[in-house]
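A.B. asks: For reference, the structure I am asking about is given below.
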Amino acid sequence: MNVYEKALEMHAKLRGKYEVVSKVDVNNKEQLSLAYSPGVAAPCLAIKENKEDVYKYTAKGNMVAVISDGSAILGLGNIGPEAGLPVMESKVILYKDLAGIDSFPLCLDTQDTEELIKTIKYLVPTFGAIHLEDLSCPKCIEVETRLKEELDIPVFHNDQHGTSVVAIAGLINAFKLVNKTFENSKFVINGAEAAGSAITKLLVGMGAKNILLVSEDHILNREENSTYDFSKKYLSEITNPTNMKGTLRDAMVGADVFIGVSKGNVVDKDMVKSMNSDAIVFAMANPTPEIMPEDAYEAGAKIVGTGRGDYPNQLNNVLAYPGIFRGALDAKATKITEEMKMAAAYGIAKLITDDELAVDNIIPKAFDKRVVEVVAKEVVRIAQEQGVIRK
């Protein structure tokens with residue numbers, strides 16, 4: 001059987017990938033009286049007197065809601081909440097295995113922005129943080145922005161920020177090998193949706209000044225931004241310093257870095273050949289990259305990364321979000337900031353020592369057990385420095 005057939009068989013056999021397991025035994029009268037009635041009244045009354053004690057007496061402080069509306073599942077599109085549930089279950093098991101975080105998958109049967117925001121706000125008493133997943137763009141940006149403004153717990157859209165943190169981590173190390181910098185490089189990003197928008201913003205935060213963002217083979221520019229949605233309009237204002245117009249092929253001429261987060265097979269060898277020497281190509285579309293690594297190397301690319309595990313330099317957001325949430329929960333953070341994301345990227349990058357750094361080894365492996373601890377420590381450090389923690 002191929003991987004899809006094996007996965008289908010596994011899911012059917014297990015009927016899902018997670019279960020709820022009790023931390024206490026309830027096998028006799030005393031155990032029942034402590035875990036349930038009458039003993040459970042004590043923590044209830046304590047929380048009534050001091051709402052913050054919910055973190056002391058319940059699982060809230062280590063519990064993340066993994067939420068989707070099914071509108072942008074993987075590369076499959078708007079397939080609905082039921083069809084998106086297997087993906088949310090996958091996040092749940094990765095949280096537990098990699099970071100010791102308890103979480104619960106919630107696929108909501110609405111794709112209305114206001115309904116999503118309202119419903120998620122109702123869930124806050126139970127959860128210590130909100131992980132948004134596979135919401136379509138630009139709705140995902142609006143939902144996350146509103147929730148960050150209106151809630152006092154961390155809210156994080158993984159398709160945006162998990163991907164952007166890992167891409168930046170890869171670039172930090174790649175630039176060491178080609179002796180280039182964020183400030184002096186030309187970047188081309190194909191895809192102006194969730195991941196592309198977040199990568200762009202984080203690149204600006206890292207000091208990048210020359211970014212061309214391409215959406216549906218169209219370079220975003222300020223002269224035409226009256227036709228864009230609110231997200232792309234903003235992105236056009238922080239990119240494309242010369243207000244260039246054209247296609248992806250035009251954009252890639254003289255580029256130092258290409259980052260693809262849209263769809264496969266949109267880059268050919270001639271496009272890579274038109275880039276600067278020692279070009280970096282991050283073809284992150286899954287399962288089919290924008291260009292296959294062997295073709296990119298043959299066309300002259302110095303370093304190639306993809307989202308796939310069967311090639312070197314896998315740029316997988318599983319390197320980011322478990323550690324970021326572990327750190328946010330440990331710090332009792334009220335939000336996840338841009339500075340936390342940049343610190344997380346540096347933390348991931350530094351796990352590859354100078355002796356280990358090579359064109360086919362710029363990023364830790366997806367299941368490197370050191371990653372969560374290092375990222376979490378960086379997030380805690382920044383949360384404390386910024387004072388974005390519950391008192």
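All residue names refer to the structure tokens as shown: chains lettered A, B, ... in order, residues numbered from 1 in each chain, ligands numbered from 1 in order.
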For region 197-207 of chain A, please output as a PDB file with C-alpha atoms, in the first residue's frame all residues within 9 Å (counting only C-alpha atoms; exclusion window: fewer than 2 positions along the same chain).
C.D. replies:
ATOM      1  CA  ASP A 159      -0.340  28.498   8.951  1.00  0.00           C
ATOM      2  CA  GLN A 160       0.941  32.059   9.179  1.00  0.00           C
ATOM      3  CA  HIS A 161       3.433  32.085  11.979  1.00  0.00           C
ATOM      4  CA  THR A 163       5.621  28.545   8.715  1.00  0.00           C
ATOM      5  CA  SER A 164       7.206  32.001   8.872  1.00  0.00           C
ATOM      6  CA  VAL A 165       9.313  31.196  11.954  1.00  0.00           C
ATOM      7  CA  ALA A 167      11.441  29.873   7.049  1.00  0.00           C
ATOM      8  CA  ILE A 168      13.321  32.616   8.903  1.00  0.00           C
ATOM      9  CA  THR A 181      22.201  39.317   4.882  1.00  0.00           C
ATOM     10  CA  PHE A 182      18.525  40.108   5.292  1.00  0.00           C
ATOM     11  CA  GLU A 183      19.247  43.798   4.718  1.00  0.00           C
ATOM     12  CA  ASN A 184      21.105  43.359   1.427  1.00  0.00           C
ATOM     13  CA  ILE A 189       7.759  35.280  -2.199  1.00  0.00           C
ATOM     14  CA  GLY A 191       1.898  33.295  -2.414  1.00  0.00           C
ATOM     15  CA  ALA A 192       0.298  36.239  -0.609  1.00  0.00           C
ATOM     16  CA  GLU A 193      -2.062  34.256   1.562  1.00  0.00           C
ATOM     17  CA  ALA A 194      -1.542  33.174   5.195  1.00  0.00           C
ATOM     18  CA  ALA A 195       2.056  31.933   5.090  1.00  0.00           C
ATOM     19  CA  LYS A 209      14.219  45.985   2.479  1.00  0.00           C
ATOM     20  CA  ILE A 211      10.806  42.053  -1.111  1.00  0.00           C
ATOM     21  CA  LEU A 213       5.389  39.444  -3.212  1.00  0.00           C
ATOM     22  CA  SER A 231      -4.319  42.127   3.638  1.00  0.00           C
ATOM     23  CA  LYS A 232      -2.761  42.382   0.184  1.00  0.00           C
ATOM     24  CA  LEU A 235       1.484  43.969   2.011  1.00  0.00           C
ATOM     25  CA  ILE A 238       5.577  47.334   2.858  1.00  0.00           C
ATOM     26  CA  THR A 239       7.134  45.575  -0.171  1.00  0.00           C
ATOM     27  CA  ILE A 259      10.260  31.399  -1.029  1.00  0.00           C
ATOM     28  CA  GLU A 338       6.701  39.346  16.822  1.00  0.00           C
ATOM     29  CA  GLU A 339       9.777  39.433  19.034  1.00  0.00           C
ATOM     30  CA  LYS A 341       8.670  34.632  16.868  1.00  0.00           C
ATOM     31  CA  MET A 342      12.042  36.086  15.871  1.00  0.00           C
TER      32      MET A 342
END
A.B. asks: With the cut-off set at 9 Å and counting only C-alpha atoms, tabulate each residue of region 259-352 of chain A with an atom at most that distance from an atom of region 58-72 of chain A, showing the nearest atom pair and its distance in Å to one decimal, ordered by chain and increasing number, as a Markdown table.
C.D. replies:
| residue | atom | partner | partner_atom | distance |
| --- | --- | --- | --- | --- |
| A:Phe325 | CA | A:Val64 | CA | 8.4 |
| A:Arg326 | CA | A:Asn62 | CA | 8.4 |
| A:Leu329 | CA | A:Gly61 | CA | 6.5 |
| A:Asp330 | CA | A:Gly61 | CA | 8.4 |
| A:Lys332 | CA | A:Gly61 | CA | 7.9 |
A.B. asks: Any chance you can output those residues with N, CA and C atoms as a CSV table (one decimal), in the first residue's frame?
C.D. replies:
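Writing the result to selection.csv gives the following:
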chain,number,residue,atom,x,y,z
A,325,PHE,N,4.2,27.5,21.9
A,325,PHE,CA,3.1,27.3,22.8
A,325,PHE,C,3.6,26.8,24.2
A,326,ARG,N,4.6,25.9,24.2
A,326,ARG,CA,5.1,25.5,25.5
A,326,ARG,C,5.7,26.7,26.3
A,329,LEU,N,2.8,29.1,27.4
A,329,LEU,CA,2.1,28.6,28.6
A,329,LEU,C,2.9,28.6,29.8
A,330,ASP,N,4.2,28.3,29.7
A,330,ASP,CA,5.1,28.3,30.9
A,330,ASP,C,5.3,29.7,31.4
A,332,LYS,N,3.1,32.0,31.3
A,332,LYS,CA,1.8,32.6,31.5
A,332,LYS,C,1.6,33.9,30.7
A.B. asks: With DSSP run on the backbone, what are the helix (DSSP H, G or I) residues within region 174-311 of chain A? I'd like them as a PyMOL selection string.
C.D. replies: chain A and resi 174-178+194-205+222-227+230-238+248-251+269-273+293-298
A.B. asks: Could the residues in this selection be saved with C-alpha atoms as a compact mmCIF listing (two decimals), in the first residue's frame?
C.D. replies:
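Saved result, selection16.txt, follows:
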# COMPACT_ATOMS: atom_id res chain seq x y z
CA ALA A 174 21.53 29.72 4.83
CA PHE A 175 22.85 33.28 4.84
CA LYS A 176 25.85 32.15 6.89
CA LEU A 177 26.80 29.78 4.07
CA VAL A 178 26.40 32.27 1.21
CA ALA A 194 -1.54 33.17 5.19
CA ALA A 195 2.06 31.93 5.09
CA GLY A 196 3.26 34.45 2.52
CA SER A 197 1.84 37.40 4.42
CA ALA A 198 3.43 36.31 7.72
CA ILE A 199 6.81 35.56 6.13
CA THR A 200 6.78 39.01 4.53
CA LYS A 201 6.06 40.76 7.83
CA LEU A 202 8.70 38.76 9.69
CA LEU A 203 11.27 39.47 6.95
CA VAL A 204 10.59 43.19 7.39
CA GLY A 205 11.12 42.73 11.11
CA ARG A 222 0.90 50.16 -4.85
CA GLU A 223 -0.54 51.49 -8.12
CA GLU A 224 -3.03 48.62 -8.26
CA ASN A 225 -3.71 48.09 -4.58
CA SER A 226 -7.19 49.59 -4.74
CA THR A 227 -8.22 46.24 -6.25
CA PHE A 230 -7.16 44.59 3.06
CA SER A 231 -4.32 42.13 3.64
CA LYS A 232 -2.76 42.38 0.18
CA LYS A 233 -3.18 46.16 0.20
CA TYR A 234 -1.13 46.38 3.38
CA LEU A 235 1.48 43.97 2.01
CA SER A 236 1.84 46.05 -1.15
CA GLU A 237 2.69 49.05 1.03
CA ILE A 238 5.58 47.33 2.86
CA LEU A 248 6.78 35.72 -11.04
CA ARG A 249 9.28 35.17 -13.85
CA ASP A 250 9.99 38.90 -13.94
CA ALA A 251 10.32 39.10 -10.16
CA LYS A 269 15.04 25.99 -14.33
CA ASP A 270 15.35 29.18 -16.37
CA MET A 271 13.74 31.16 -13.57
CA VAL A 272 16.29 29.81 -11.08
CA LYS A 273 19.10 30.53 -13.54
CA PRO A 293 15.11 20.20 -5.52
CA GLU A 294 17.17 18.31 -8.09
CA ASP A 295 16.00 20.71 -10.81
CA ALA A 296 16.75 23.76 -8.67
CA TYR A 297 20.27 22.51 -7.93
CA GLU A 298 20.85 21.71 -11.60
A.B. asks: Give me, as a list in words, all polymer residues having an atom no more than 12 Å from Ile79 (chain A), counting only C-alpha atoms and skipping those fewer than 3 positions away in the same chain.
C.D. replies: Ser68, Asp69, Gly70, Ser71, Ala72, Ile73, Leu74, Gly75, Leu76, Glu82, Ala83, Gly84, Leu85, Pro86, Val87, Cys107, Asp109, Gln111, Asp134, Leu135 and Ser136 of chain A
A.B. asks: If you count only C-alpha atoms, which residues fall within 12 Å of Asn265 (chain A), apart from same-chain ones fewer than 4 positions away, as a PyMOL selection string?
C.D. replies: chain A and resi 190+260-261+269+271+283-293+295-296
A.B. asks: Emit the selected residues as a compact mmCIF listing (two decimals), in the first residue's frame, including C-alpha atoms.
C.D. replies:
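Ended up saving to selection11.txt:
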# COMPACT_ATOMS: atom_id res chain seq x y z
CA ASN A 190 5.20 33.39 -4.26
CA GLY A 260 7.28 29.49 -2.38
CA VAL A 261 4.20 28.98 -0.21
CA LYS A 269 15.04 25.99 -14.33
CA MET A 271 13.74 31.16 -13.57
CA ALA A 283 10.07 25.59 -2.44
CA MET A 284 7.64 24.89 0.40
CA ALA A 285 4.40 23.94 -1.40
CA ASN A 286 3.18 20.48 -0.39
CA PRO A 287 3.15 17.80 -1.56
CA THR A 288 4.49 19.11 -4.87
CA PRO A 289 7.11 21.90 -4.50
CA GLU A 290 7.26 24.92 -6.79
CA ILE A 291 10.34 23.26 -8.31
CA MET A 292 11.83 19.88 -7.44
CA PRO A 293 15.11 20.20 -5.52
CA ASP A 295 16.00 20.71 -10.81
CA ALA A 296 16.75 23.76 -8.67
A.B. asks: At what distance in Å, to one decimal, does CA of Val124 (chain A) lie from CA of Val40 (chain A)?
C.D. replies: 21.1 Å
A.B. asks: Give the answer as one residue: which of A:Ile93, A:Val266, A:Ile172, A:Ala328 has the shortest atom-to-atom distance to Ile352 (chain A), using only C-alpha atoms?
C.D. replies: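 Counting only C-alpha atoms, the residue closest to Ile352 (chain A) is A:Ile172.
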